[in-house]
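Asker: Mind having a look at this structure? Questions to follow.
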Amino acid sequence: MESADIAEEEDRSSPVKAARLSAQELLAHRNLDRTVPPRGGTKDYAPDGSQEQEEKLQGMYSLYRRMLAEERVNKIGNLSTATWLEDLGLAEVTVDKGKFWHHMGHTDEGKKYLYPEEVVFLMEMNSIEVYWNKVPLAIQQAYAMMLGDKVSMEQYQVYAHLSRLGYILMRHQSREHFSWYERQIQLDEYIPLKERIKEGLSSQVRDWFPSNLKEEQASSGNLDKTEEVQNVHRNKLASQESEEEVKSASHSTVEHSTFNQMSDPRSEGEKSKMKGRSEQPVDDEQMEIDCENDRKDKNEKQEGLNSSVLVPHEYKWDFTNINIPNVGQDCNVSEIPAPSAELLPAGVQVNSILKINTGAFSLNTKKGSKRKSNSEHLSKIVPNLRAEDDPRKVSRNWVEYKELCGVKREVDMSDTAVAHLWEGDVTPLVRPSDATDMGTILSKLQVIQNISLEKECSSLPKPDRTLEIAYDVFLPDSHFKKSKPGRPNLRVCVQRFSDAAPELALIVQLNQLSSPVPLLWAVVDNGDISFYSFTEADLPTDYHM
Amino acid sequence: MIDLYLCHGHVYVWNASAACELREQHRIVGTFVGALPRLPRQNVRLGRPLQLMPEETTLLLNKGIARLLDGSIPPKTGEEDLQAITEHRKQSFREQSEMCKNDRKRKLHEMASVIAKGRAAKRKKLAQKAKPAEEGSSSVSNNDVTSSSWDQPEEEKEPSLSVEEMKELEARLDKTTGYNEQAFLVQILTEQVTEEPQEAVPWNYPTTDREALRCQVFQDLWEKGYFLTSGGKFGGDFLVYPGDPFRYHSFYIAVCQHRTENMEALDIVRLGRLGSNVKKTVLLCSECESGEITYTSLQWTGMN
């Protein structure tokens, strides 16, 4: 385009026509007024047609006309550049200037990428120029091309709203990759997610929003589909990994000790080879600890076969090939109240709280030897169990203990004047023996128990729809590291105002996923954002004594 | 005709004067959702684009004030377009350097007396301090004219520069060519630049009865001269303002309610409480059989 043409274009740039700024206008933008009139101020009650009101209003209008017409102008030297890659749905950063890289973007195979919401936000912040097929994009085009698909407009608006306030937002890193145990001890804050999802990070991140998953599959055909299935599979495996690691760690120690017990003296080198062997992918049968002799033989055989190839320290476990039953996942821990000491023989000491893992021993039930060792173990702790010698009436086993308990209860009752109350079918909730303190009595009287939603959401029906937490929000911090973000200060779900309110099950599910980090619901009402949160309230119990 | 752009189900106004016109002439407020270029990192005042409610869009289209265009047409990437963009940028750089030069010249004239004073002072100093090193500072960098001219030993005792000196300095300024490309200004376009005419696209709102009622209520109140914004934050459909929301508080919370729809007493109490709590009047808006909109206001009365 010739310069004359440009001049012409500017001339006819009527108010409704967009145009690139001339050099003069560009330079004029250097001296912009950077102040923003404060919001609010005193409003009038109603228009009364007075001159004063009209002037105020016109002042406001002219200010807005000026403010809105301003364009984003920056020196080339201050601008980063990026290229929009439609196929990936990401922008590749080609020139990186400024500080945004501290808390935005990610790298994949040495290339720097930005998510759509990050790119559009940076464009709005006047700090990046984005090209698409060598054409610099306008923000209007960026909205159309980058948003709406993977990142909904609402999500972007929430992202931009919080980012403008200075918060650091990262896409929610699902903690499903971490076991419940790891989350409890906050291990998930120290292990980067990357290590968890060793492969397919970019593709996993791209499939961030499940709602679009189907569309994508439909559009990109079967190839993607299989890839995704694989990914899901991999992720599942990754989530089990931790538990397995713990388990296998205990295995190797057991094995180690058995080797030590073994009579035939082995050289140190061979032992280390044995250890290396034990860390190899082994099939199910080998993972069981019983039949040690068998195992020894097998090991020796395989060692003979493999010793030339083995490099023990460099080997990594490939969990995709090991089929290990998941022992610990559904384990319920139930607490048993301590048995009353007066019914137990002397010398029996009971831990104050007995915890029993129910269902966790399914794998171990095969082994008779283990049980035997259990009883041996017990006999060590309790040297003399001579119930017969005890002058009191004590129990020798659990059957007797239970019987005695029954007797004791009846005895208790017969002592009191209210024993007759227990004669019928309907009996009182509170026994005289319960009258130790107010709390016990109140808890006995509480027929309908409160449940904690956080802990016992299993009783709720499965939510009809799934919703992902959108963003992890961090307070602005100069020490923030995107590779190790730590625990977020907030998590945000994004909802439209017209969407149905989330059901209880969904709220509980997401709260549980997010716990202990508070979860905010950003509700977008046509560009207007309000934040809500659901918190569980405990009703106080009154003690009037 | 004002251009509205449909983008992923939302309607945006990207042009600044169009957005102002909507508000000032047509009482359509909308919501600004973009960052303000002059101060982008704040949420107090936002900038383009202006997002419109579906009801606002329907009204504007019905009244023939605006037309709806497809906002998702990708930019043209033809050879000519690329050329035009690069040419525009080059031209802009040329003009910028020219303007920079002129700016410098203007400054030079403004600062002439200061330069002359400085030179005189320097000469004095040099003469006093050391006679042997008279022609010491002869290294002149072409880029920085002003500072190099300070080092130039010149004629004596003139508080202002002579015409020759001035010309010499200007000539030197003219010679400077190597402006750092990184210092040039570029614009990140907010609104896309399109030359060719675009076809209007259809707008599918309202589709349900409820949406239809909302649109009717919106249009009716708008025609009565009110300003309306979304009432989500107040638990209603719209907030109704007697004048521009910049300057006035809203009077009413409009709640759309179908004529035949049942309403519980509890709902009425709820709405009444809400209205009295925020010092607004709740308007129940329904459509008559004749098609007119009727308004029922709720007022909380305490009886002593």
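Naming scheme: A, B, ... for chains in displayed order of the structure tokens; residues 1 onward per chain; ligands 1 onward as shown.
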Could you work out which residues of chain A fall inside 7 Å of chain B? Count only C-alpha atoms, and format the result as a count of residues only.
Answerer: 47
Asker: Could you check how far atom CA of B:Arg259 sits from atom CA of B:Thr57, in Å to one decimal?
Answerer: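 Distance reported for this atom pair: 24.8 Å.
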Asker: List the neighbours of stretch 273-283 of chain B out to 8 Å using only C-alpha atoms; skip same-chain residues closer than 2 positions along the sequence, and give me the result as a PyMOL selection string.
Answerer: chain B and resi 234+250-255+269-271+285+295-300
Asker: Take the residues that were just selected and, keeping N, CA and C atoms, output them as a PDB file, in the first residue's frame.
Answerer:
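Output (selection.pdb):
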```pdb
ATOM      1  N   PHE B 234     -28.475  -9.041  41.617  1.00  0.00           N
ATOM      2  CA  PHE B 234     -29.536  -8.701  42.550  1.00  0.00           C
ATOM      3  C   PHE B 234     -30.669  -9.716  42.533  1.00  0.00           C
ATOM      4  N   SER B 250     -30.079   2.418  40.433  1.00  0.00           N
ATOM      5  CA  SER B 250     -31.247   1.824  39.781  1.00  0.00           C
ATOM      6  C   SER B 250     -32.456   1.938  40.704  1.00  0.00           C
ATOM      7  N   PHE B 251     -33.604   2.085  40.069  1.00  0.00           N
ATOM      8  CA  PHE B 251     -34.857   2.169  40.812  1.00  0.00           C
ATOM      9  C   PHE B 251     -35.426   0.786  41.086  1.00  0.00           C
ATOM     10  N   TYR B 252     -35.418  -0.001  40.017  1.00  0.00           N
ATOM     11  CA  TYR B 252     -36.193  -1.239  40.081  1.00  0.00           C
ATOM     12  C   TYR B 252     -35.331  -2.469  39.812  1.00  0.00           C
ATOM     13  N   ILE B 253     -35.801  -3.561  40.379  1.00  0.00           N
ATOM     14  CA  ILE B 253     -35.310  -4.868  39.963  1.00  0.00           C
ATOM     15  C   ILE B 253     -36.452  -5.522  39.197  1.00  0.00           C
ATOM     16  N   ALA B 254     -36.239  -5.731  37.920  1.00  0.00           N
ATOM     17  CA  ALA B 254     -37.305  -6.324  37.109  1.00  0.00           C
ATOM     18  C   ALA B 254     -37.206  -7.841  37.166  1.00  0.00           C
ATOM     19  N   VAL B 255     -38.304  -8.472  37.515  1.00  0.00           N
ATOM     20  CA  VAL B 255     -38.352  -9.932  37.551  1.00  0.00           C
ATOM     21  C   VAL B 255     -39.417 -10.382  36.558  1.00  0.00           C
ATOM     22  N   VAL B 269     -42.559 -13.172  49.303  1.00  0.00           N
ATOM     23  CA  VAL B 269     -41.852 -12.684  50.500  1.00  0.00           C
ATOM     24  C   VAL B 269     -40.378 -12.504  50.184  1.00  0.00           C
ATOM     25  N   ARG B 270     -39.821 -13.486  49.505  1.00  0.00           N
ATOM     26  CA  ARG B 270     -38.416 -13.450  49.141  1.00  0.00           C
ATOM     27  C   ARG B 270     -38.092 -12.192  48.342  1.00  0.00           C
ATOM     28  N   LEU B 271     -38.900 -11.959  47.324  1.00  0.00           N
ATOM     29  CA  LEU B 271     -38.661 -10.808  46.457  1.00  0.00           C
ATOM     30  C   LEU B 271     -38.857  -9.499  47.212  1.00  0.00           C
ATOM     31  N   CYS B 285     -42.855  -8.460  36.159  1.00  0.00           N
ATOM     32  CA  CYS B 285     -43.212  -8.073  34.802  1.00  0.00           C
ATOM     33  C   CYS B 285     -43.850  -9.260  34.094  1.00  0.00           C
ATOM     34  N   TYR B 295     -46.830  -4.332  34.968  1.00  0.00           N
ATOM     35  CA  TYR B 295     -45.838  -4.332  36.040  1.00  0.00           C
ATOM     36  C   TYR B 295     -46.530  -4.320  37.394  1.00  0.00           C
ATOM     37  N   THR B 296     -46.102  -5.171  38.270  1.00  0.00           N
ATOM     38  CA  THR B 296     -46.628  -5.207  39.619  1.00  0.00           C
ATOM     39  C   THR B 296     -45.456  -4.942  40.547  1.00  0.00           C
ATOM     40  N   SER B 297     -45.596  -3.959  41.392  1.00  0.00           N
ATOM     41  CA  SER B 297     -44.477  -3.690  42.294  1.00  0.00           C
ATOM     42  C   SER B 297     -44.767  -4.269  43.670  1.00  0.00           C
ATOM     43  N   LEU B 298     -43.723  -4.664  44.313  1.00  0.00           N
ATOM     44  CA  LEU B 298     -43.845  -5.211  45.655  1.00  0.00           C
ATOM     45  C   LEU B 298     -43.272  -4.210  46.632  1.00  0.00           C
ATOM     46  N   GLN B 299     -44.001  -3.967  47.698  1.00  0.00           N
ATOM     47  CA  GLN B 299     -43.463  -3.070  48.706  1.00  0.00           C
ATOM     48  C   GLN B 299     -43.581  -3.728  50.068  1.00  0.00           C
ATOM     49  N   TRP B 300     -42.550  -3.628  50.817  1.00  0.00           N
ATOM     50  CA  TRP B 300     -42.516  -4.235  52.137  1.00  0.00           C
ATOM     51  C   TRP B 300     -43.070  -3.233  53.129  1.00  0.00           C
TER      52      TRP B 300
END
```
Asker: For B:Lys101, which of B:Glu165, B:Glu211, B:Glu170, B:Glu292 is the closest residue, counting only C-alpha atoms?
Answerer: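 Going through B:Glu165, B:Glu211, B:Glu170, B:Glu292 one by one, the smallest distance to B:Lys101 is for B:Glu170.
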Asker: Based on the backbone DSSP call, show me all residues of stretch 42-241 of chain B assigned helix (DSSP H, G or I), as a PyMOL selection string.
Answerer: chain B and resi 54-62+79-110+112-129+145-151+163-175+181-183+209-223+232-234
Asker: Please, what distance in Å, to one decimal, runs between atom CA of A:Ser478 and atom CA of A:Leu510?
Answerer: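 It comes out at 29.4 Å.
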